[in-house]
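Chemist: The following block contains the structure, expressed as structure tokens.
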Number of protein chains: 2
Amino acid sequence: MADDEPEFFTVVPPDESVRREALDRHDLLTKPAGSLGRIEELGCWIAACQGQCPPVPFARPRVVIFAGDHGIAAKGVSAYPSEVTAQMVANFLAGGAAINVLAATAGASVRVVDMSVDSAEMPDEVGKFKVRRGSGSIDVEDALTEDEVRAAIAAGKAIADEEVDNGTDLLVAGDMGIGNSTPAAVLIAALTGSEPVAVVGRGTGIDDRGWMRKAAAIRDGLRRARPVSADPVALLRTVAGADIAAMTAFLAQAAVRRTPVILDGLIAGAAAMVAAELAPGASNWWVAGHRSSEPAHKLVLDQLDLKPLLELDMRLGEGSGAAAAIPLLAMACRILAEMATFSDAGVAGPAE
Amino acid sequence: MADDEPEFFTVVPPDESVRREALDRHDLLTKPAGSLGRIEELGCWIAACQGQCPPVPFARPRVVIFAGDHGIAAKGVSAYPSEVTAQMVANFLAGGAAINVLAATAGASVRVVDMSVDSAEMPDEVGKFKVRRGSGSIDVEDALTEDEVRAAIAAGKAIADEEVDNGTDLLVAGDMGIGNSTPAAVLIAALTGSEPVAVVGRGTGIDDRGWMRKAAAIRDGLRRARPVSADPVALLRTVAGADIAAMTAFLAQAAVRRTPVILDGLIAGAAAMVAAELAPGASNWWVAGHRSSEPAHKLVLDQLDLKPLLELDMRLGEGSGAAAAIPLLAMACRILAEMATFSDAGVAGPAE
């Protein structure tokens with residue numbers, strides 16, 4: 001790919017020397033070395049991402065929700081009708097959804113982007129990057145055209161740039177879209193070489209017959225995905241959708257822009273796997289907020305070699321599992337920034 | 001035990017009918033039923049504890065740290081010298097310890113109580129309930145006299161009452177005391193019928209020789225504990241200490257006063273096990289904030305049938321692992337209190 005193509009991402013890793021500085025600083029703070037476990041690891045990672053030790057407490061954590069409908073929903077793969085996608089966008093804007101409450105509790109704001117909601121009546125404020133109404137039904141057709149996938153990628157990149165330019169210092173990518181766990185499952189199966197049955201989950205809560213329909217849809221989508229699985233852009237075009245394609249580019253560009261990301265569950269995980277192909281090294285800028293109860297999410301975490309912070313049997317999407325982990329990152333950061341050292345506090349260190 | 005004895009606790013369970021009301025309310029909120037997993041369970045429990053659905057967001061979460069020294073520390077069971085206990089109390093009051101940072105991030109305040117710190121120069125503000133300077137060396141003598149254990153229990157009870165009377169609506173019990181993981185391990189071994197080697201952990205980070213000294217101390221303490229293990233007050237007197245005895249009564253009285261508690265790790269877990277003996281049913285008022293990396297903590301969680309919210313390899317004490325979980329409880333509460341219902345938001349429910 002040439003430099004001027006929208007899908008070109010160059011990622012540099014977080015600053016390893018600052019990470020070591022943070023590791024050393026932890027030993028000076030008034031607690032036994034290592035006694036805060038993963039909170040210490042997280043703090044070192046945040047310092048490395050920020051390139052400074054101690055790191056600065058997050059000023060502007062932000063959840064960006066990528067909304068889109070999926071043609072495959074018409075095949076009965078979800079417990080909910082497609083209208084719910086647009087209705088939930090309105091609910092996000094009104095502040096009534098789970099992610100609004102979780103983000104508010106964690107001190108984060110929420111932005112919604114309509115990439116491909118199947119409704120003509122979407123509020124103007126969310127439609128700037130809209131690519132189409134509903135992505136194609138991936139069991140029988142491509143999710144997007146070549147132009148559309150490039151537009152979605154450019155949108156995700158632009159949204160990440162807008163956020164970072166506006167001072168966002170911690171990002172969560174959320175999803176909203178009835179049927180979106182089907183393309184996510186296909187992407188995960190394609191990139192991990194898994195069989196359909198290993199990636200079919202209950203999504204929003206389908207019954208056994210819905211599960212069978214979903215398994216068949218994933219099987220058909222996967223048959224279409226496998227020939228292009230080595231080409232991330234072609235994979236997004238064939239079996240993702242504008243919402244997931246934009247989220248993929250957003251995750252890749254966040255890494256380019258040296259901004260830490262908390263990954264959510266299945267949908268964000270699928271996008272992250274593609275983003276890691278598109279932008280090698282991007283996963284160094286991500287932490288896994290939680291492990292979803294969707295079975296395929298484990299494949300994502302294994303493949304990306306990420307250990308989740310939370311395991312609370314959540315499976316909502318919207319960025320909810322990542323938002324629930326924001327306070328842990330805030331704590332990790334503030335521990336390094338605010339705790340007293342042994343010498344400052346006049347506390348004796350361990351006996352020799 | 002008679003009604004007028006300090007160690008008498010009568011616990012009524014959280015309100016089961018309100019818990020069911022909260023469970024039903026979760027199905028009306030704009031998310032797939034059950035999709036927030038343990039966040040939903042937590043919310044139902046909080047509603048049941050408060051006796052109202054939706055529950056009210058926590059107004060005054062509070063960490064109470066019980067500080068005390070232990071004679072057994074002189075036997076080389078800790079990596080740190082005993083002076084650190086008093087030094088850390090000063091650090092808590094100055095706001096420089098890990099618990100201060102974690103609590104502040106979670107919107108909680110911190111109170112420190114000196115039950116038995118081995119120092120004559122403790123600040124007045126923390127000494128109101130002080131029982132003695134350092135508890136006895138439990139390998140060879142009782143931790144406390146009969147009068148002292150009753151004073152410590154009365155103190156824990158009074159502290160819980162003070163907190164609840166002042167409007168505290170969510171409690172964390174923290175610990176500070178060099179050597180305190182040895183009496184905690186003895187209590188856990190005595191109440192679970194475990195061998196010393198199953199409960200010896202690295203505490204603040206002892207080396208292999210320290211580990212052997214600690215194992216021997218636990219063995220000797222356990223020999224003294226076993227004959228009284230069926231009598232919780234005698235057990236506290238024999239092998240706990242004023243800090244752990246007060247924390248035990250505090251946890252029991254919090255349940256009496258219908259106030260939810262987030263349990264921390266090893267020390268709070270040991271106190272909780274004794275409190276569950278002293279106040280049957282008290283564990284219904286507790287949630288496990290985390291699983292400590294101390295091996296004996298797993299025995300506590302199994303015995304109390306509590307599933308931890310976090311598993312982050314923390315082993316600091318001070319209430320740190322519980323404080324890290326406060327935001328999850330705040331989220332669980334606010335989800336029930338603030339989310340829109342399907343009908344309010346005009347969102348379609350699942351297809352029939």
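FYI, nothing fancy with the structure tokens labels: chains A, B, ... in order, residues from 1 per chain, ligands from 1 as they appear.
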Write out as a tab-separated table the residues of chain A that have any atom within 6 Å of an atom of chain B, one row each with the nearest atom pair and its distance in Å to one decimal, counting only C-alpha atoms, sorted by chain and then rising number.
Modeler:
```
residue	atom	partner	partner_atom	distance
A:Pro32	CA	B:Thr204	CA	5.5
A:Ser35	CA	B:Arg315	CA	5.0
A:Leu36	CA	B:Met314	CA	4.5
A:Gly37	CA	B:Met314	CA	4.6
A:Arg38	CA	B:Leu312	CA	5.1
A:Ala79	CA	B:Pro350	CA	5.2
A:Tyr80	CA	B:Pro350	CA	4.4
A:Val84	CA	B:Ala348	CA	5.9
A:Gln87	CA	B:Val347	CA	5.4
A:Gly96	CA	B:Ala340	CA	4.5
A:Ala97	CA	B:Met339	CA	5.7
A:Leu102	CA	B:Met331	CA	5.8
A:Thr204	CA	B:Pro32	CA	5.5
A:Leu312	CA	B:Arg38	CA	5.1
A:Asp313	CA	B:Gly37	CA	4.6
A:Met314	CA	B:Leu36	CA	4.5
A:Arg315	CA	B:Ser35	CA	5.0
A:Leu316	CA	B:Ser35	CA	5.0
A:Met331	CA	B:Leu102	CA	5.8
A:Met339	CA	B:Gly96	CA	4.9
A:Ala340	CA	B:Gly96	CA	4.5
A:Val347	CA	B:Gln87	CA	5.4
A:Ala348	CA	B:Val84	CA	5.9
A:Pro350	CA	B:Tyr80	CA	4.4
A:Ala351	CA	B:Tyr80	CA	5.4
```
Chemist: Please produce an output containing N, CA, C and O atoms for each residue in the selection, written as a CSV table (one decimal), in the first residue's frame.
Modeler:
```csv
chain,number,residue,atom,x,y,z
A,32,PRO,N,4.5,-2.6,49.4
A,32,PRO,CA,5.5,-3.6,49.0
A,32,PRO,C,5.5,-3.7,47.5
A,32,PRO,O,4.5,-3.5,46.8
A,35,SER,N,2.8,-5.2,45.0
A,35,SER,CA,1.6,-5.6,45.7
A,35,SER,C,0.3,-5.1,45.1
A,35,SER,O,-0.7,-5.6,45.5
A,36,LEU,N,0.4,-4.2,44.2
A,36,LEU,CA,-0.9,-3.8,43.5
A,36,LEU,C,-1.1,-4.6,42.2
A,36,LEU,O,-2.0,-4.3,41.4
A,37,GLY,N,-0.2,-5.6,42.0
A,37,GLY,CA,-0.4,-6.5,40.8
A,37,GLY,C,-0.6,-5.9,39.5
A,37,GLY,O,0.2,-5.1,39.1
A,38,ARG,N,-1.8,-6.2,38.9
A,38,ARG,CA,-2.0,-5.7,37.5
A,38,ARG,C,-2.2,-4.2,37.5
A,38,ARG,O,-2.1,-3.6,36.4
A,79,ALA,N,-32.2,-11.6,18.3
A,79,ALA,CA,-33.5,-11.6,19.0
A,79,ALA,C,-34.2,-10.3,18.8
A,79,ALA,O,-35.4,-10.2,19.2
A,80,TYR,N,-33.6,-9.3,18.3
A,80,TYR,CA,-34.2,-7.9,18.2
A,80,TYR,C,-34.4,-7.5,16.7
A,80,TYR,O,-33.5,-7.9,15.9
A,84,VAL,N,-34.2,-1.4,16.1
A,84,VAL,CA,-33.7,-1.1,17.4
A,84,VAL,C,-32.3,-0.3,17.3
A,84,VAL,O,-32.0,0.5,18.2
A,87,GLN,N,-33.2,3.2,17.1
A,87,GLN,CA,-33.8,3.6,18.4
A,87,GLN,C,-32.8,3.7,19.5
A,87,GLN,O,-32.9,4.6,20.3
A,96,GLY,N,-29.9,7.6,27.9
A,96,GLY,CA,-30.6,6.5,28.7
A,96,GLY,C,-30.1,5.1,28.6
A,96,GLY,O,-30.6,4.2,29.2
A,97,ALA,N,-29.0,4.9,27.8
A,97,ALA,CA,-28.5,3.6,27.6
A,97,ALA,C,-27.5,3.2,28.7
A,97,ALA,O,-27.0,4.1,29.4
A,102,LEU,N,-22.7,4.0,32.5
A,102,LEU,CA,-21.3,3.5,32.8
A,102,LEU,C,-20.3,4.5,32.6
A,102,LEU,O,-19.4,4.7,33.4
A,204,THR,N,-27.5,-11.0,21.5
A,204,THR,CA,-28.5,-10.4,22.4
A,204,THR,C,-29.4,-11.3,23.1
A,204,THR,O,-30.2,-10.9,24.0
A,312,LEU,N,-16.9,-10.3,34.0
A,312,LEU,CA,-18.1,-10.2,34.7
A,312,LEU,C,-19.3,-10.7,33.9
A,312,LEU,O,-20.5,-10.3,34.2
A,313,ASP,N,-19.0,-11.6,33.0
A,313,ASP,CA,-20.1,-12.2,32.2
A,313,ASP,C,-21.0,-11.1,31.5
A,313,ASP,O,-22.2,-11.3,31.3
A,314,MET,N,-20.3,-10.1,31.1
A,314,MET,CA,-21.0,-9.0,30.3
A,314,MET,C,-21.0,-9.4,28.8
A,314,MET,O,-20.1,-10.0,28.3
A,315,ARG,N,-22.1,-9.0,28.1
A,315,ARG,CA,-22.2,-9.3,26.7
A,315,ARG,C,-23.1,-8.3,26.0
A,315,ARG,O,-23.9,-8.6,25.1
A,316,LEU,N,-23.0,-7.0,26.4
A,316,LEU,CA,-23.9,-6.0,25.9
A,316,LEU,C,-23.3,-5.3,24.7
A,316,LEU,O,-24.1,-4.8,23.8
A,331,MET,N,-7.2,4.6,38.3
A,331,MET,CA,-6.5,4.3,39.6
A,331,MET,C,-5.0,4.0,39.3
A,331,MET,O,-4.1,4.5,40.0
A,339,MET,N,0.9,8.8,44.8
A,339,MET,CA,1.3,8.1,46.0
A,339,MET,C,2.6,8.7,46.5
A,339,MET,O,3.5,9.1,45.7
A,340,ALA,N,2.8,8.7,47.8
A,340,ALA,CA,4.0,9.1,48.5
A,340,ALA,C,5.1,8.1,48.3
A,340,ALA,O,4.8,6.9,48.2
A,347,VAL,N,8.7,6.4,55.7
A,347,VAL,CA,8.3,5.0,56.0
A,347,VAL,C,9.5,4.1,55.7
A,347,VAL,O,10.2,4.3,54.6
A,348,ALA,N,9.8,3.2,56.6
A,348,ALA,CA,11.0,2.3,56.4
A,348,ALA,C,10.7,1.3,55.3
A,348,ALA,O,9.5,0.9,55.1
A,350,PRO,N,11.7,-2.4,53.2
A,350,PRO,CA,11.8,-3.8,53.7
A,350,PRO,C,13.2,-3.9,54.3
A,350,PRO,O,14.2,-3.3,54.0
A,351,ALA,N,13.2,-4.8,55.4
A,351,ALA,CA,14.4,-5.1,56.1
A,351,ALA,C,15.4,-5.8,55.1
A,351,ALA,O,14.9,-6.6,54.2
```
Chemist: At a cut-off of 8 Å, using only C-alpha atoms, what residues contact B:Ala22? Leave out same-chain residues fewer than 4 positions from it and give the result as a PDB file with N, CA and C atoms, in the first residue's frame.
Modeler:
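Below you can see part_30.pdb, which holds the result:
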```pdb
ATOM      1  N   VAL B  18     -37.394  -7.071  47.275  1.00  0.00           N
ATOM      2  CA  VAL B  18     -36.800  -5.959  46.520  1.00  0.00           C
ATOM      3  C   VAL B  18     -35.788  -6.496  45.507  1.00  0.00           C
ATOM      4  N   HIS B  26     -34.576  -4.935  35.684  1.00  0.00           N
ATOM      5  CA  HIS B  26     -33.497  -5.119  34.698  1.00  0.00           C
ATOM      6  C   HIS B  26     -34.047  -5.527  33.335  1.00  0.00           C
ATOM      7  N   GLY B  43     -26.372  -5.050  41.166  1.00  0.00           N
ATOM      8  CA  GLY B  43     -27.422  -4.042  41.313  1.00  0.00           C
ATOM      9  C   GLY B  43     -28.598  -4.591  42.114  1.00  0.00           C
ATOM     10  N   CYS B  44     -28.960  -5.841  41.829  1.00  0.00           N
ATOM     11  CA  CYS B  44     -30.075  -6.461  42.563  1.00  0.00           C
ATOM     12  C   CYS B  44     -29.730  -6.590  44.041  1.00  0.00           C
ATOM     13  N   ALA B  47     -29.903  -3.161  45.677  1.00  0.00           N
ATOM     14  CA  ALA B  47     -31.306  -2.797  45.897  1.00  0.00           C
ATOM     15  C   ALA B  47     -31.856  -3.535  47.117  1.00  0.00           C
ATOM     16  N   CYS B  53     -36.033  -0.223  45.266  1.00  0.00           N
ATOM     17  CA  CYS B  53     -35.699  -0.373  43.850  1.00  0.00           C
ATOM     18  C   CYS B  53     -36.404   0.710  43.060  1.00  0.00           C
ATOM     19  N   PRO B  54     -35.699   1.503  42.242  1.00  0.00           N
ATOM     20  CA  PRO B  54     -34.246   1.441  42.075  1.00  0.00           C
ATOM     21  C   PRO B  54     -33.505   1.882  43.328  1.00  0.00           C
ATOM     22  N   LEU B 336     -29.447   0.662  37.491  1.00  0.00           N
ATOM     23  CA  LEU B 336     -30.853   0.490  37.881  1.00  0.00           C
ATOM     24  C   LEU B 336     -31.557   1.824  38.093  1.00  0.00           C
TER      25      LEU B 336
END
```
Chemist: Residues of stretch 24-89 of chain A that have any atom at most 9 Å from an atom of stretch 245-260 of chain A: could you tabulate them with the shortest-distance atom pair and the distance in Å to one decimal, using only C-alpha atoms, ordered by chain and increasing number, as a Markdown table?
Modeler:
```
| residue | atom | partner | partner_atom | distance |
| --- | --- | --- | --- | --- |
| A:Trp45 | CA | A:Pro260 | CA | 9.0 |
| A:Ile46 | CA | A:Pro260 | CA | 7.3 |
| A:Cys49 | CA | A:Arg258 | CA | 6.3 |
| A:Gln50 | CA | A:Arg258 | CA | 7.5 |
| A:Val64 | CA | A:Met247 | CA | 9.0 |
| A:Ile65 | CA | A:Met247 | CA | 8.6 |
| A:Phe66 | CA | A:Met247 | CA | 6.5 |
```
Chemist: Restricting it to N, CA, C and O atoms, dump the selection as a PDB file, in the first residue's frame.
Modeler:
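The result, written out as result_1.pdb:
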```
ATOM      1  N   TRP A  45       2.155   0.708  31.753  1.00  0.00           N
ATOM      2  CA  TRP A  45       1.724   0.786  30.352  1.00  0.00           C
ATOM      3  C   TRP A  45       1.214   2.181  30.017  1.00  0.00           C
ATOM      4  O   TRP A  45       1.537   2.745  28.967  1.00  0.00           O
ATOM      5  N   ILE A  46       0.430   2.762  30.927  1.00  0.00           N
ATOM      6  CA  ILE A  46      -0.096   4.114  30.690  1.00  0.00           C
ATOM      7  C   ILE A  46       1.053   5.124  30.600  1.00  0.00           C
ATOM      8  O   ILE A  46       1.069   5.992  29.721  1.00  0.00           O
ATOM      9  N   CYS A  49       2.628   4.738  27.291  1.00  0.00           N
ATOM     10  CA  CYS A  49       1.787   5.314  26.238  1.00  0.00           C
ATOM     11  C   CYS A  49       1.902   6.838  26.238  1.00  0.00           C
ATOM     12  O   CYS A  49       2.000   7.469  25.184  1.00  0.00           O
ATOM     13  N   GLN A  50       1.889   7.421  27.430  1.00  0.00           N
ATOM     14  CA  GLN A  50       1.966   8.880  27.517  1.00  0.00           C
ATOM     15  C   GLN A  50       3.388   9.386  27.274  1.00  0.00           C
ATOM     16  O   GLN A  50       3.589  10.585  27.041  1.00  0.00           O
ATOM     17  N   VAL A  64     -16.488   6.154  21.879  1.00  0.00           N
ATOM     18  CA  VAL A  64     -17.036   6.434  20.547  1.00  0.00           C
ATOM     19  C   VAL A  64     -17.780   5.193  20.073  1.00  0.00           C
ATOM     20  O   VAL A  64     -17.186   4.115  19.952  1.00  0.00           O
ATOM     21  N   ILE A  65     -19.073   5.355  19.839  1.00  0.00           N
ATOM     22  CA  ILE A  65     -19.911   4.222  19.435  1.00  0.00           C
ATOM     23  C   ILE A  65     -20.136   4.262  17.926  1.00  0.00           C
ATOM     24  O   ILE A  65     -20.622   5.257  17.390  1.00  0.00           O
ATOM     25  N   PHE A  66     -19.779   3.163  17.276  1.00  0.00           N
ATOM     26  CA  PHE A  66     -19.964   3.030  15.836  1.00  0.00           C
ATOM     27  C   PHE A  66     -21.258   2.256  15.582  1.00  0.00           C
ATOM     28  O   PHE A  66     -21.337   1.075  15.898  1.00  0.00           O
TER      29      PHE A  66
END
```
Chemist: May I have the residues within 12 Å of B:Arg150 as a PyMOL selection string, using only C-alpha atoms and disregarding those fewer than 6 positions away in the same chain?
Modeler: chain B and resi 5-8+129+131+144+156-157+232-234+236-237+241-242+245-246+248-249
Chemist: Hey, what's within 7 Å of B:Ala190 if we count only C-alpha atoms and toss same-chain stuff fewer than 4 positions away? As a PyMOL selection string, please?
Modeler: chain B and resi 186+194+222+225-226+229
Chemist: What residues in stretch 152-349 of chain B get the DSSP label strand (DSSP E)? Please answer as a PyMOL selection string.
Modeler: chain B and resi 170-176+261-263+286-288
Chemist: Grab the residues selected above and save them as an mmCIF file, in the first residue's frame with all heavy atoms.
Modeler:
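As a result, result26.cif now contains:
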```cif
data_model
loop_
_atom_site.group_PDB
_atom_site.id
_atom_site.type_symbol
_atom_site.label_atom_id
_atom_site.label_comp_id
_atom_site.auth_asym_id
_atom_site.auth_seq_id
_atom_site.Cartn_x
_atom_site.Cartn_y
_atom_site.Cartn_z
ATOM 1 N N LEU B 170 -21.879 2.605 52.190
ATOM 2 C CA LEU B 170 -21.105 1.503 51.600
ATOM 3 C C LEU B 170 -19.787 1.454 52.358
ATOM 4 O O LEU B 170 -19.093 2.469 52.467
ATOM 5 C CB LEU B 170 -20.857 1.762 50.111
ATOM 6 C CG LEU B 170 -20.016 0.727 49.361
ATOM 7 C CD1 LEU B 170 -20.698 -0.644 49.372
ATOM 8 C CD2 LEU B 170 -19.771 1.170 47.921
ATOM 9 N N LEU B 171 -19.466 0.275 52.888
ATOM 10 C CA LEU B 171 -18.291 0.168 53.757
ATOM 11 C C LEU B 171 -17.231 -0.765 53.179
ATOM 12 O O LEU B 171 -17.551 -1.792 52.568
ATOM 13 C CB LEU B 171 -18.697 -0.350 55.136
ATOM 14 C CG LEU B 171 -19.348 0.670 56.078
ATOM 15 C CD1 LEU B 171 -20.020 -0.037 57.251
ATOM 16 C CD2 LEU B 171 -18.306 1.671 56.588
ATOM 17 N N VAL B 172 -15.988 -0.381 53.424
ATOM 18 C CA VAL B 172 -14.839 -1.247 53.156
ATOM 19 C C VAL B 172 -14.043 -1.313 54.452
ATOM 20 O O VAL B 172 -13.825 -0.286 55.099
ATOM 21 C CB VAL B 172 -13.953 -0.657 52.041
ATOM 22 C CG1 VAL B 172 -12.586 -1.341 52.000
ATOM 23 C CG2 VAL B 172 -14.647 -0.754 50.695
ATOM 24 N N ALA B 173 -13.637 -2.517 54.838
ATOM 25 C CA ALA B 173 -12.759 -2.663 56.003
ATOM 26 C C ALA B 173 -11.351 -2.930 55.498
ATOM 27 O O ALA B 173 -11.121 -3.890 54.769
ATOM 28 C CB ALA B 173 -13.229 -3.816 56.886
ATOM 29 N N GLY B 174 -10.432 -2.054 55.876
ATOM 30 C CA GLY B 174 -9.043 -2.234 55.475
ATOM 31 C C GLY B 174 -8.174 -2.574 56.670
ATOM 32 O O GLY B 174 -8.582 -2.400 57.819
ATOM 33 N N ASP B 175 -6.971 -3.049 56.392
ATOM 34 C CA ASP B 175 -6.066 -3.443 57.474
ATOM 35 C C ASP B 175 -4.715 -2.780 57.291
ATOM 36 O O ASP B 175 -4.298 -2.496 56.163
ATOM 37 C CB ASP B 175 -5.853 -4.953 57.467
ATOM 38 C CG ASP B 175 -5.098 -5.384 56.219
ATOM 39 O OD1 ASP B 175 -5.726 -5.470 55.148
ATOM 40 O OD2 ASP B 175 -3.870 -5.587 56.287
ATOM 41 N N MET B 176 -4.035 -2.542 58.400
ATOM 42 C CA MET B 176 -2.624 -2.159 58.352
ATOM 43 C C MET B 176 -1.965 -2.718 59.585
ATOM 44 O O MET B 176 -2.386 -2.411 60.708
ATOM 45 C CB MET B 176 -2.466 -0.631 58.335
ATOM 46 C CG MET B 176 -0.998 -0.189 58.263
ATOM 47 S SD MET B 176 -0.233 -0.666 56.671
ATOM 48 C CE MET B 176 1.321 -1.374 57.235
ATOM 49 N N VAL B 261 -21.142 -4.159 52.450
ATOM 50 C CA VAL B 261 -19.697 -4.117 52.656
ATOM 51 C C VAL B 261 -19.011 -4.775 51.468
ATOM 52 O O VAL B 261 -19.449 -5.822 50.997
ATOM 53 C CB VAL B 261 -19.305 -4.894 53.938
ATOM 54 C CG1 VAL B 261 -17.782 -5.005 54.059
ATOM 55 C CG2 VAL B 261 -19.893 -4.236 55.180
ATOM 56 N N ILE B 262 -17.929 -4.144 51.002
ATOM 57 C CA ILE B 262 -17.055 -4.800 50.021
ATOM 58 C C ILE B 262 -15.879 -5.376 50.799
ATOM 59 O O ILE B 262 -15.138 -4.636 51.461
ATOM 60 C CB ILE B 262 -16.512 -3.828 48.966
ATOM 61 C CG1 ILE B 262 -17.634 -2.971 48.367
ATOM 62 C CG2 ILE B 262 -15.792 -4.603 47.861
ATOM 63 C CD1 ILE B 262 -17.140 -1.955 47.341
ATOM 64 N N LEU B 263 -15.719 -6.680 50.740
ATOM 65 C CA LEU B 263 -14.594 -7.310 51.437
ATOM 66 C C LEU B 263 -13.316 -7.142 50.630
ATOM 67 O O LEU B 263 -13.312 -7.238 49.407
ATOM 68 C CB LEU B 263 -14.851 -8.797 51.655
ATOM 69 C CG LEU B 263 -15.984 -9.182 52.599
ATOM 70 C CD1 LEU B 263 -16.067 -10.711 52.686
ATOM 71 C CD2 LEU B 263 -15.804 -8.579 53.983
ATOM 72 N N TRP B 286 -22.275 -8.877 52.304
ATOM 73 C CA TRP B 286 -20.927 -8.640 51.803
ATOM 74 C C TRP B 286 -20.790 -9.084 50.349
ATOM 75 O O TRP B 286 -21.393 -10.058 49.930
ATOM 76 C CB TRP B 286 -19.906 -9.447 52.609
ATOM 77 C CG TRP B 286 -19.972 -9.269 54.089
ATOM 78 C CD1 TRP B 286 -20.397 -8.157 54.776
ATOM 79 C CD2 TRP B 286 -19.617 -10.239 55.080
ATOM 80 N NE1 TRP B 286 -20.309 -8.385 56.133
ATOM 81 C CE2 TRP B 286 -19.829 -9.650 56.345
ATOM 82 C CE3 TRP B 286 -19.111 -11.544 55.019
ATOM 83 C CZ2 TRP B 286 -19.576 -10.331 57.539
ATOM 84 C CZ3 TRP B 286 -18.851 -12.226 56.203
ATOM 85 C CH2 TRP B 286 -19.082 -11.618 57.443
ATOM 86 N N VAL B 287 -19.931 -8.366 49.634
ATOM 87 C CA VAL B 287 -19.519 -8.821 48.317
ATOM 88 C C VAL B 287 -17.989 -8.866 48.349
ATOM 89 O O VAL B 287 -17.356 -8.090 49.067
ATOM 90 C CB VAL B 287 -20.063 -7.861 47.222
ATOM 91 C CG1 VAL B 287 -19.408 -6.502 47.274
ATOM 92 C CG2 VAL B 287 -19.902 -8.456 45.842
ATOM 93 N N ALA B 288 -17.412 -9.809 47.624
ATOM 94 C CA ALA B 288 -15.945 -9.921 47.600
ATOM 95 C C ALA B 288 -15.399 -8.981 46.534
ATOM 96 O O ALA B 288 -15.662 -9.162 45.342
ATOM 97 C CB ALA B 288 -15.527 -11.354 47.304
#
```
Chemist: Please identify the helix (DSSP H, G or I) residues within stretch 22-115 of chain A (assignment by DSSP from backbone atoms) and present them as an MDAnalysis selection string.
Modeler: chainID A and resid 22:28 38:50 71:75 83:94 98:106
Chemist: Would you mind telling me which residue in A:Gly221, A:Gly167, A:Pro123, A:Gly134 lies nearest to A:Ala74 when using only C-alpha atoms?
Modeler: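 Among A:Gly221, A:Gly167, A:Pro123, A:Gly134, it is A:Gly134 that comes nearest to A:Ala74.
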Chemist: Would you mind telling me which residue in A:Val140, A:Ala216, A:Val112, A:Val274 lies nearest to A:Leu187 when using only C-alpha atoms?
Modeler: A:Val274
Chemist: Using only C-alpha atoms, which of A:Leu191, A:Met115, A:Val149, A:Leu304 sits nearest A:Gly127?
Modeler: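 For A:Gly127, the nearest of the candidates is A:Met115.
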Chemist: Calculated over only C-alpha atoms, which of the candidates B:Val77, B:Ala230, B:Leu301, B:Leu93 has the smallest distance to B:Gly201?
Modeler: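 Nearest candidate to B:Gly201 out of B:Val77, B:Ala230, B:Leu301, B:Leu93: B:Val77.
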